[in-house]
>>> print(open('upload-v7.txt').read())   # compact mmCIF, C-alpha atoms
# COMPACT_ATOMS: atom_id res chain seq x y z
CA MET A 1 -16.61 -158.75 86.07
CA LEU A 2 -18.71 -161.48 84.45
CA ILE A 3 -21.26 -158.93 83.24
CA LYS A 4 -18.45 -156.84 81.75
CA TYR A 5 -17.06 -159.91 79.98
CA LEU A 6 -20.45 -160.83 78.56
CA CYS A 7 -21.00 -157.30 77.32
CA LEU A 8 -17.60 -157.25 75.64
CA TYR A 9 -18.28 -160.67 74.10
CA GLY A 10 -21.59 -159.43 72.77
CA ILE A 11 -19.95 -156.35 71.23
CA PHE A 12 -17.21 -158.51 69.68
CA ALA A 13 -19.72 -160.99 68.28
CA GLN A 14 -21.80 -158.17 66.79
CA LYS A 15 -18.74 -156.60 65.17
CA SER A 16 -17.69 -159.98 63.79
CA LYS A 17 -21.19 -160.42 62.40
CA ILE A 18 -21.04 -157.06 60.63
CA MET A 19 -17.44 -157.13 59.42
CA ALA A 20 -16.98 -160.72 58.27
CA LYS A 21 -17.43 -161.53 54.60
CA LEU A 22 -19.12 -164.92 54.31
CA THR A 23 -19.49 -166.99 51.16
CA VAL A 24 -21.27 -170.34 51.04
CA TYR A 25 -20.22 -172.55 48.15
CA GLY A 26 -22.67 -175.24 47.16
CA THR A 27 -25.65 -176.51 45.21
CA PRO A 28 -28.84 -174.76 46.41
CA LEU A 29 -30.78 -178.05 46.23
CA SER A 30 -28.35 -179.86 48.55
CA THR A 31 -29.80 -180.68 51.96
CA TYR A 32 -26.50 -179.89 53.67
CA VAL A 33 -26.18 -176.55 51.90
CA ARG A 34 -29.70 -175.79 53.07
CA THR A 35 -28.74 -176.75 56.63
CA VAL A 36 -26.05 -174.07 56.66
CA ARG A 37 -28.25 -171.50 54.96
CA LEU A 38 -31.12 -172.08 57.38
CA LEU A 39 -28.81 -171.35 60.30
CA LEU A 40 -27.52 -168.20 58.61
CA GLU A 41 -31.05 -167.00 57.85
CA GLU A 42 -32.28 -167.65 61.39
CA ALA A 43 -29.23 -165.81 62.78
CA SER A 44 -29.83 -162.89 60.35
CA VAL A 45 -26.30 -163.13 58.97
CA ASP A 46 -25.48 -161.66 55.57
CA TYR A 47 -23.72 -164.03 53.20
CA THR A 48 -23.17 -164.70 49.52
CA LEU A 49 -24.19 -167.98 47.91
CA LYS A 50 -21.76 -169.13 45.24
CA GLU A 51 -23.43 -171.91 43.29
CA ILE A 52 -21.40 -175.05 42.71
CA ASP A 53 -23.21 -177.50 40.44
CA ILE A 54 -22.55 -181.04 41.65
CA PHE A 55 -24.65 -182.43 38.79
CA THR A 56 -22.23 -181.12 36.16
CA GLY A 57 -19.11 -181.95 38.15
CA GLU A 58 -18.23 -178.36 39.02
CA ASN A 59 -17.42 -179.58 42.54
CA GLN A 60 -14.51 -181.54 41.05
CA SER A 61 -12.96 -178.53 39.33
CA PRO A 62 -9.41 -177.57 40.39
CA GLU A 63 -10.72 -174.25 41.70
CA TYR A 64 -13.23 -175.87 44.02
CA LEU A 65 -10.96 -178.73 45.08
CA ALA A 66 -8.46 -176.08 46.21
CA LYS A 67 -11.08 -175.05 48.78
CA ASN A 68 -12.44 -178.50 49.59
CA PRO A 69 -10.19 -181.44 48.62
CA PHE A 70 -13.12 -183.89 48.93
CA GLY A 71 -15.26 -182.01 46.44
CA LYS A 72 -18.33 -182.00 48.65
CA VAL A 73 -20.73 -179.19 49.44
CA PRO A 74 -21.10 -176.93 51.30
CA THR A 75 -17.87 -175.07 51.88
CA LEU A 76 -17.76 -171.84 53.89
CA GLU A 77 -15.30 -169.06 53.17
CA ILE A 78 -14.84 -166.42 55.88
CA ASP A 79 -12.65 -163.64 54.58
CA ALA A 80 -9.44 -165.57 53.77
CA GLU A 81 -10.28 -168.72 55.76
CA VAL A 82 -12.10 -171.81 54.51
CA VAL A 83 -14.13 -174.30 56.55
CA TYR A 84 -15.69 -177.45 55.10
CA GLU A 85 -17.78 -180.33 56.53
CA THR A 86 -21.25 -179.31 57.69
CA PRO A 87 -20.76 -180.09 61.43
CA ALA A 88 -17.68 -177.86 61.52
CA ILE A 89 -19.43 -175.09 59.59
CA THR A 90 -22.56 -175.09 61.75
CA ASP A 91 -20.57 -175.22 64.98
CA TYR A 92 -18.45 -172.28 63.86
CA LEU A 93 -21.39 -170.18 62.72
CA ASN A 94 -23.39 -170.97 65.84
CA THR A 95 -20.49 -169.92 68.06
CA VAL A 96 -19.29 -166.82 66.25
CA PHE A 97 -22.49 -165.40 64.79
CA ALA A 98 -25.35 -166.81 66.87
CA ASN A 99 -23.91 -166.77 70.41
CA GLN A 100 -24.70 -170.52 70.74
CA GLN A 101 -28.38 -169.75 70.17
CA PHE A 102 -28.91 -172.98 68.23
CA SER A 103 -27.31 -175.34 70.73
CA PRO A 104 -29.06 -176.24 74.01
CA SER A 105 -27.26 -175.14 77.18
CA GLU A 106 -28.29 -178.26 79.09
CA PRO A 107 -25.66 -181.03 78.62
CA LEU A 108 -28.13 -183.86 78.02
CA LEU A 109 -29.96 -181.87 75.36
CA GLN A 110 -26.61 -181.04 73.77
CA ALA A 111 -25.92 -184.76 73.62
CA ARG A 112 -29.38 -185.38 72.15
CA MET A 113 -28.72 -182.78 69.46
CA ARG A 114 -25.49 -184.49 68.46
CA GLN A 115 -27.24 -187.87 68.59
CA ILE A 116 -29.91 -186.68 66.17
CA ILE A 117 -27.34 -185.16 63.81
CA THR A 118 -25.29 -188.37 63.83
CA ILE A 119 -28.37 -190.52 63.22
CA ILE A 120 -29.26 -188.31 60.27
CA ASP A 121 -25.74 -188.40 58.80
CA ASN A 122 -25.10 -192.11 59.24
CA TYR A 123 -28.51 -193.76 58.97
CA PHE A 124 -31.32 -191.50 57.77
CA TYR A 125 -29.71 -189.50 54.98
CA PRO A 126 -28.27 -192.53 53.12
CA SER A 127 -31.62 -194.29 52.94
CA ALA A 128 -34.04 -191.34 52.76
CA ILE A 129 -32.09 -189.07 50.41
CA GLY A 130 -29.32 -191.25 49.01
CA THR A 131 -31.77 -193.90 47.84
CA ILE A 132 -35.48 -193.05 48.11
CA VAL A 133 -35.40 -189.38 47.08
CA ILE A 134 -32.75 -189.96 44.42
CA GLN A 135 -34.74 -192.81 42.89
CA ARG A 136 -38.16 -191.19 43.18
CA LEU A 137 -37.33 -187.58 42.27
CA ILE A 138 -33.94 -187.30 40.58
CA VAL A 139 -33.78 -190.41 38.38
CA PRO A 140 -37.10 -189.66 36.59
CA ILE A 141 -36.03 -186.05 35.94
CA ARG A 142 -33.00 -187.45 34.15
CA GLY A 143 -35.13 -189.75 32.05
CA GLY A 144 -34.57 -192.94 34.00
CA GLN A 145 -36.81 -195.39 35.81
CA PRO A 146 -36.74 -195.67 39.62
CA ASP A 147 -35.16 -198.85 40.96
CA GLU A 148 -38.06 -200.24 42.99
CA ASP A 149 -35.89 -202.86 44.70
CA LYS A 150 -33.50 -200.20 45.97
CA ILE A 151 -36.40 -198.12 47.21
CA LYS A 152 -38.05 -201.09 48.93
CA ASN A 153 -34.81 -202.02 50.69
CA ALA A 154 -34.29 -198.44 51.89
CA VAL A 155 -37.65 -198.08 53.64
CA ALA A 156 -36.83 -200.18 56.72
CA PRO A 157 -33.49 -198.42 57.46
CA ALA A 158 -35.22 -195.04 57.06
CA GLN A 159 -38.00 -196.13 59.43
CA LYS A 160 -35.50 -197.34 62.00
CA ALA A 161 -33.56 -194.08 61.87
CA ILE A 162 -36.60 -191.80 62.07
CA GLN A 163 -38.10 -193.81 64.90
CA ALA A 164 -34.82 -193.47 66.81
CA ILE A 165 -35.08 -189.70 66.39
CA GLU A 166 -38.72 -189.81 67.46
CA ALA A 167 -37.73 -191.61 70.68
CA ILE A 168 -35.34 -188.86 71.82
CA ALA A 169 -36.95 -185.74 70.32
CA VAL A 170 -38.94 -183.35 72.48
CA SER A 171 -40.87 -181.77 69.59
CA SER A 172 -42.49 -178.94 71.50
CA PRO A 173 -42.50 -177.44 68.99
CA TYR A 174 -38.93 -178.05 67.78
CA LEU A 175 -36.83 -181.18 68.07
CA LEU A 176 -35.26 -180.22 71.39
CA GLY A 177 -37.88 -177.91 72.85
CA SER A 178 -38.97 -174.33 72.42
CA GLN A 179 -35.87 -173.16 70.53
CA LEU A 180 -34.60 -174.13 67.11
CA SER A 181 -31.37 -176.09 67.16
CA ILE A 182 -28.82 -177.25 64.62
CA ALA A 183 -30.61 -180.62 64.67
CA ASP A 184 -33.71 -178.95 63.21
CA PHE A 185 -31.61 -177.43 60.44
CA TYR A 186 -30.36 -180.92 59.55
CA LEU A 187 -33.74 -182.63 59.48
CA ILE A 188 -35.88 -179.95 57.80
CA PRO A 189 -34.22 -180.18 54.35
CA ILE A 190 -34.58 -183.95 54.33
CA PHE A 191 -38.29 -183.77 55.10
CA ILE A 192 -38.72 -181.19 52.33
CA TYR A 193 -37.82 -183.89 49.81
CA LEU A 194 -39.11 -186.99 51.57
CA VAL A 195 -42.68 -185.66 51.80
CA GLN A 196 -42.71 -185.59 48.00
CA THR A 197 -42.39 -189.38 47.86
CA PRO A 198 -45.07 -191.99 48.56
CA GLU A 199 -42.69 -193.61 51.05
CA TYR A 200 -43.06 -190.68 53.45
CA GLU A 201 -46.36 -191.94 54.84
CA VAL A 202 -44.97 -195.40 55.55
CA ILE A 203 -41.70 -194.15 57.01
CA THR A 204 -43.35 -191.67 59.39
CA ALA A 205 -46.43 -193.75 60.22
CA HIS A 206 -45.21 -194.35 63.79
CA THR A 207 -43.59 -190.97 64.47
CA PRO A 208 -46.45 -188.69 65.60
CA LYS A 209 -44.12 -186.23 67.36
CA LEU A 210 -42.13 -185.69 64.20
CA ARG A 211 -45.26 -185.27 62.11
CA THR A 212 -46.37 -182.53 64.51
CA TRP A 213 -42.86 -181.06 64.44
CA TRP A 214 -42.95 -180.96 60.66
CA GLU A 215 -46.27 -179.09 60.61
CA GLN A 216 -44.60 -176.33 62.66
CA ALA A 217 -41.18 -176.37 61.01
CA GLN A 218 -42.41 -175.96 57.46
CA GLN A 219 -44.14 -172.70 58.44
CA LEU A 220 -40.86 -170.97 59.32
CA GLU A 221 -40.08 -168.03 57.04
CA SER A 222 -36.49 -169.23 56.67
CA VAL A 223 -37.73 -172.60 55.44
CA LYS A 224 -40.07 -170.99 52.94
CA LYS A 225 -37.21 -168.83 51.66
CA ILE A 226 -34.44 -171.41 51.49
CA CYS A 227 -36.34 -174.60 50.72
CA ALA A 228 -39.08 -173.31 48.41
>>> encode(input="upload-v7.txt", output="structure tokens")
Amino acid sequence: MLIKYLCLYGIFAQKSKIMAKLTVYGTPLSTYVRTVRLLLEEASVDYTLKEIDIFTGENQSPEYLAKNPFGKVPTLEIDAEVVYETPAITDYLNTVFANQQFSPSEPLLQARMRQIITIIDNYFYPSAIGTIVIQRLIVPIRGGQPDEDKIKNAVAPAQKAIQAIEAIAVSSPYLLGSQLSIADFYLIPIFIYLVQTPEYEVITAHTPKLRTWWEQAQQLESVKKICA
């Protein structure tokens, strides 16, 4: 009976994968948009990317706010349904289209995955992307001068966050072992930008596992395609 159920579930999942019309709304440069797209690429799911330019305020247009009242990216549209917030999107996609492939089956590793994601959201992203990357990469592009004090003050919080991830990561070769997980999809886009700053060396100086992880992760074809 269990085998029959699993077979039926597999057939249903495959049909859903083929029949569903998926649209990802967001800025291609956004780390969170890239998180969702990496999962979709690794799951071999067809989707359409609808660019929403956060730099020109397109995310605050009435049309977009009708889909996501907070004006953030990404937003996922599945046929007539809309899902926003990256954790909700990745959980949904992983369940419906990837048969939980990107979530460990072992409860402790599941908890570790959610730990890493939460550390990234609450502690690493704000300092690494919200301050260091913005000041080093975005501000100069717009003709401004980086705020060195802001950058200096962001280094210690970024170090603390990445060292916390280092302490619980397996990194053999991926964050939680031999299989990619949603946690990898969260961290990869941040490293893509952080390595372009001089602060990367200081921040990751005491995270050898994550340096090794990064050497492997950046070779993935999905990463080359989405984060080039």
>>> atom_distance(input="upload-v7.txt", atom1="atom CA of Asp91 of chain A", atom2="atom CA of Val73 of chain A")
16.0 Å
>>> atom_distance(input="upload-v7.txt", atom1="atom CA of Ala154 of chain A", atom2="atom CA of Thr197 of chain A")
12.8 Å
>>> closest_residue(input="upload-v7.txt", among="A:Gly144, A:Thr131, A:Ile151, A:Glu85", to="Pro69 of chain A", atoms="only C-alpha atoms")
A:Glu85
>>> closest_atom_pairs(input="upload-v7.txt", of="segment 80-171 of chain A", to="segment 49-68 of chain A", cutoff="10 Å", atoms="only C-alpha atoms", output="tab-separated table")
residue	atom	partner	partner_atom	distance
A:Glu81	CA	A:Lys67	CA	9.5
A:Val82	CA	A:Lys67	CA	6.7
A:Val83	CA	A:Asn68	CA	8.3
A:Tyr84	CA	A:Asn68	CA	6.5
A:Glu85	CA	A:Asn68	CA	8.9
>>> closest_residue(input="upload-v7.txt", among="A:Ile190, A:Leu39, A:Leu108, A:Ile203", to="Pro126 of chain A", atoms="only C-alpha atoms")
A:Ile190
>>> atom_distance(input="upload-v7.txt", atom1="atom CA of Pro104 of chain A", atom2="atom CA of Thr118 of chain A")
16.3 Å
>>> residues_around(input="upload-v7.txt", residues="segment 134-143 of chain A", least_positions_apart="4", cutoff="10 Å", atoms="all atoms listed in the file", output="list of chain:residue names")
A:Ser127, A:Ala128, A:Ile129, A:Gly130, A:Asp147, A:Glu148, A:Lys150, A:Ile151, A:Tyr193, A:Leu194, A:Gln196, A:Thr197, A:Pro198, A:Glu199
>>> residues_around(input="upload-v7.txt", residues="segment 174-182 of chain A", least_positions_apart="2", cutoff="7 Å", atoms="all atoms listed in the file", output="ChimeraX atom specification")
/A:102-103,109,169-172,184-186,213
>>> residues_around(input="upload-v7.txt", residues="His206 of chain A", least_positions_apart="4", cutoff="9 Å", atoms="all atoms listed in the file", output="ChimeraX atom specification")
/A:159,163,166,202
>>> residues_around(input="upload-v7.txt", residues="Leu220 of chain A", least_positions_apart="2", cutoff="12 Å", atoms="all atoms listed in the file", output="ChimeraX atom specification")
/A:38,41-42,173-174,180,184-185,188,213-218,222-228
>>> residues_near_point(input="upload-v7.txt", point="(-29.1, -166.1, 66.2)", cutoff="10 Å", atoms="all atoms listed in the file", output="PyMOL selection string")
chain A and resi 39-45+93-102+180
>>> write_last_selection(input="upload-v7.txt", atoms="C-alpha atoms", output="compact mmCIF listing (two decimals), in the frame of the given file")
# COMPACT_ATOMS: atom_id res chain seq x y z
CA LEU A 39 -28.81 -171.35 60.30
CA LEU A 40 -27.52 -168.20 58.61
CA GLU A 41 -31.05 -167.00 57.85
CA GLU A 42 -32.28 -167.65 61.39
CA ALA A 43 -29.23 -165.81 62.78
CA SER A 44 -29.83 -162.89 60.35
CA VAL A 45 -26.30 -163.13 58.97
CA LEU A 93 -21.39 -170.18 62.72
CA ASN A 94 -23.39 -170.97 65.84
CA THR A 95 -20.49 -169.92 68.06
CA VAL A 96 -19.29 -166.82 66.25
CA PHE A 97 -22.49 -165.40 64.79
CA ALA A 98 -25.35 -166.81 66.87
CA ASN A 99 -23.91 -166.77 70.41
CA GLN A 100 -24.70 -170.52 70.74
CA GLN A 101 -28.38 -169.75 70.17
CA PHE A 102 -28.91 -172.98 68.23
CA LEU A 180 -34.60 -174.13 67.11
>>> build_atoms(input="upload-v7.txt", residues="segment 154-189 of chain A", atoms="N, CA and C atoms", output="short mmCIF file (atom, residue, chain, number, x, y, z; two decimals), keeping the file's coordinate frame")
data_model
loop_
_atom_site.label_atom_id
_atom_site.label_comp_id
_atom_site.auth_asym_id
_atom_site.auth_seq_id
_atom_site.Cartn_x
_atom_site.Cartn_y
_atom_site.Cartn_z
N ALA A 154 -34.68 -199.62 51.13
CA ALA A 154 -34.29 -198.44 51.89
C ALA A 154 -35.34 -198.02 52.91
N VAL A 155 -36.56 -198.52 52.77
CA VAL A 155 -37.65 -198.08 53.64
C VAL A 155 -37.40 -198.48 55.09
N ALA A 156 -37.04 -199.72 55.34
CA ALA A 156 -36.83 -200.18 56.72
C ALA A 156 -35.71 -199.42 57.43
N PRO A 157 -34.54 -199.23 56.80
CA PRO A 157 -33.49 -198.42 57.46
C PRO A 157 -33.95 -197.00 57.74
N ALA A 158 -34.72 -196.40 56.83
CA ALA A 158 -35.22 -195.04 57.06
C ALA A 158 -36.19 -195.02 58.23
N GLN A 159 -37.07 -196.02 58.30
CA GLN A 159 -38.00 -196.13 59.43
C GLN A 159 -37.26 -196.27 60.75
N LYS A 160 -36.26 -197.11 60.76
CA LYS A 160 -35.50 -197.34 62.00
C LYS A 160 -34.84 -196.05 62.47
N ALA A 161 -34.26 -195.32 61.52
CA ALA A 161 -33.56 -194.08 61.87
C ALA A 161 -34.53 -193.02 62.38
N ILE A 162 -35.66 -192.85 61.69
CA ILE A 162 -36.60 -191.80 62.07
C ILE A 162 -37.29 -192.14 63.39
N GLN A 163 -37.51 -193.42 63.63
CA GLN A 163 -38.10 -193.81 64.90
C GLN A 163 -37.13 -193.62 66.06
N ALA A 164 -35.83 -193.75 65.79
CA ALA A 164 -34.82 -193.47 66.81
C ALA A 164 -34.81 -191.98 67.16
N ILE A 165 -34.98 -191.14 66.14
CA ILE A 165 -35.08 -189.70 66.39
C ILE A 165 -36.35 -189.38 67.16
N GLU A 166 -37.44 -190.00 66.77
CA GLU A 166 -38.72 -189.81 67.46
C GLU A 166 -38.59 -190.11 68.95
N ALA A 167 -37.84 -191.16 69.29
CA ALA A 167 -37.73 -191.61 70.68
C ALA A 167 -37.01 -190.60 71.57
N ILE A 168 -36.11 -189.78 70.99
CA ILE A 168 -35.34 -188.86 71.82
C ILE A 168 -35.72 -187.40 71.60
N ALA A 169 -36.55 -187.13 70.60
CA ALA A 169 -36.95 -185.74 70.32
C ALA A 169 -38.00 -185.26 71.32
N VAL A 170 -37.95 -183.98 71.61
CA VAL A 170 -38.94 -183.35 72.48
C VAL A 170 -40.14 -182.89 71.66
N SER A 171 -39.84 -182.22 70.54
CA SER A 171 -40.87 -181.77 69.59
C SER A 171 -41.95 -180.90 70.22
N SER A 172 -41.50 -179.85 70.91
CA SER A 172 -42.49 -178.94 71.50
C SER A 172 -42.03 -177.47 71.40
N PRO A 173 -42.08 -176.83 70.25
CA PRO A 173 -42.50 -177.44 68.99
C PRO A 173 -41.34 -177.98 68.16
N TYR A 174 -40.09 -177.64 68.57
CA TYR A 174 -38.93 -178.05 67.78
C TYR A 174 -38.32 -179.32 68.36
N LEU A 175 -37.34 -179.87 67.70
CA LEU A 175 -36.83 -181.18 68.07
C LEU A 175 -36.39 -181.28 69.52
N LEU A 176 -35.79 -180.18 70.03
CA LEU A 176 -35.26 -180.22 71.39
C LEU A 176 -35.94 -179.25 72.33
N GLY A 177 -37.13 -178.79 71.96
CA GLY A 177 -37.88 -177.91 72.85
C GLY A 177 -38.39 -176.66 72.17
N SER A 178 -38.35 -175.56 72.91
CA SER A 178 -38.97 -174.33 72.42
C SER A 178 -38.08 -173.54 71.46
N GLN A 179 -36.79 -173.89 71.39
CA GLN A 179 -35.87 -173.16 70.53
C GLN A 179 -35.37 -174.03 69.39
N LEU A 180 -35.22 -173.42 68.23
CA LEU A 180 -34.60 -174.13 67.11
C LEU A 180 -33.17 -174.52 67.47
N SER A 181 -32.75 -175.66 66.96
CA SER A 181 -31.37 -176.09 67.16
C SER A 181 -30.78 -176.52 65.82
N ILE A 182 -29.49 -176.79 65.83
CA ILE A 182 -28.82 -177.25 64.62
C ILE A 182 -29.45 -178.56 64.13
N ALA A 183 -29.96 -179.37 65.05
CA ALA A 183 -30.61 -180.62 64.67
C ALA A 183 -31.81 -180.35 63.76
N ASP A 184 -32.58 -179.32 64.07
CA ASP A 184 -33.71 -178.95 63.21
C ASP A 184 -33.24 -178.60 61.80
N PHE A 185 -32.12 -177.85 61.74
CA PHE A 185 -31.61 -177.43 60.44
C PHE A 185 -31.14 -178.62 59.60
N TYR A 186 -30.75 -179.70 60.27
CA TYR A 186 -30.36 -180.92 59.55
C TYR A 186 -31.57 -181.68 59.02
N LEU A 187 -32.61 -181.77 59.84
CA LEU A 187 -33.74 -182.63 59.48
C LEU A 187 -34.72 -181.96 58.52
N ILE A 188 -34.91 -180.66 58.64
CA ILE A 188 -35.88 -179.95 57.80
C ILE A 188 -35.64 -180.18 56.31
N PRO A 189 -34.41 -180.00 55.80
CA PRO A 189 -34.22 -180.18 54.35
C PRO A 189 -34.50 -181.59 53.87
#
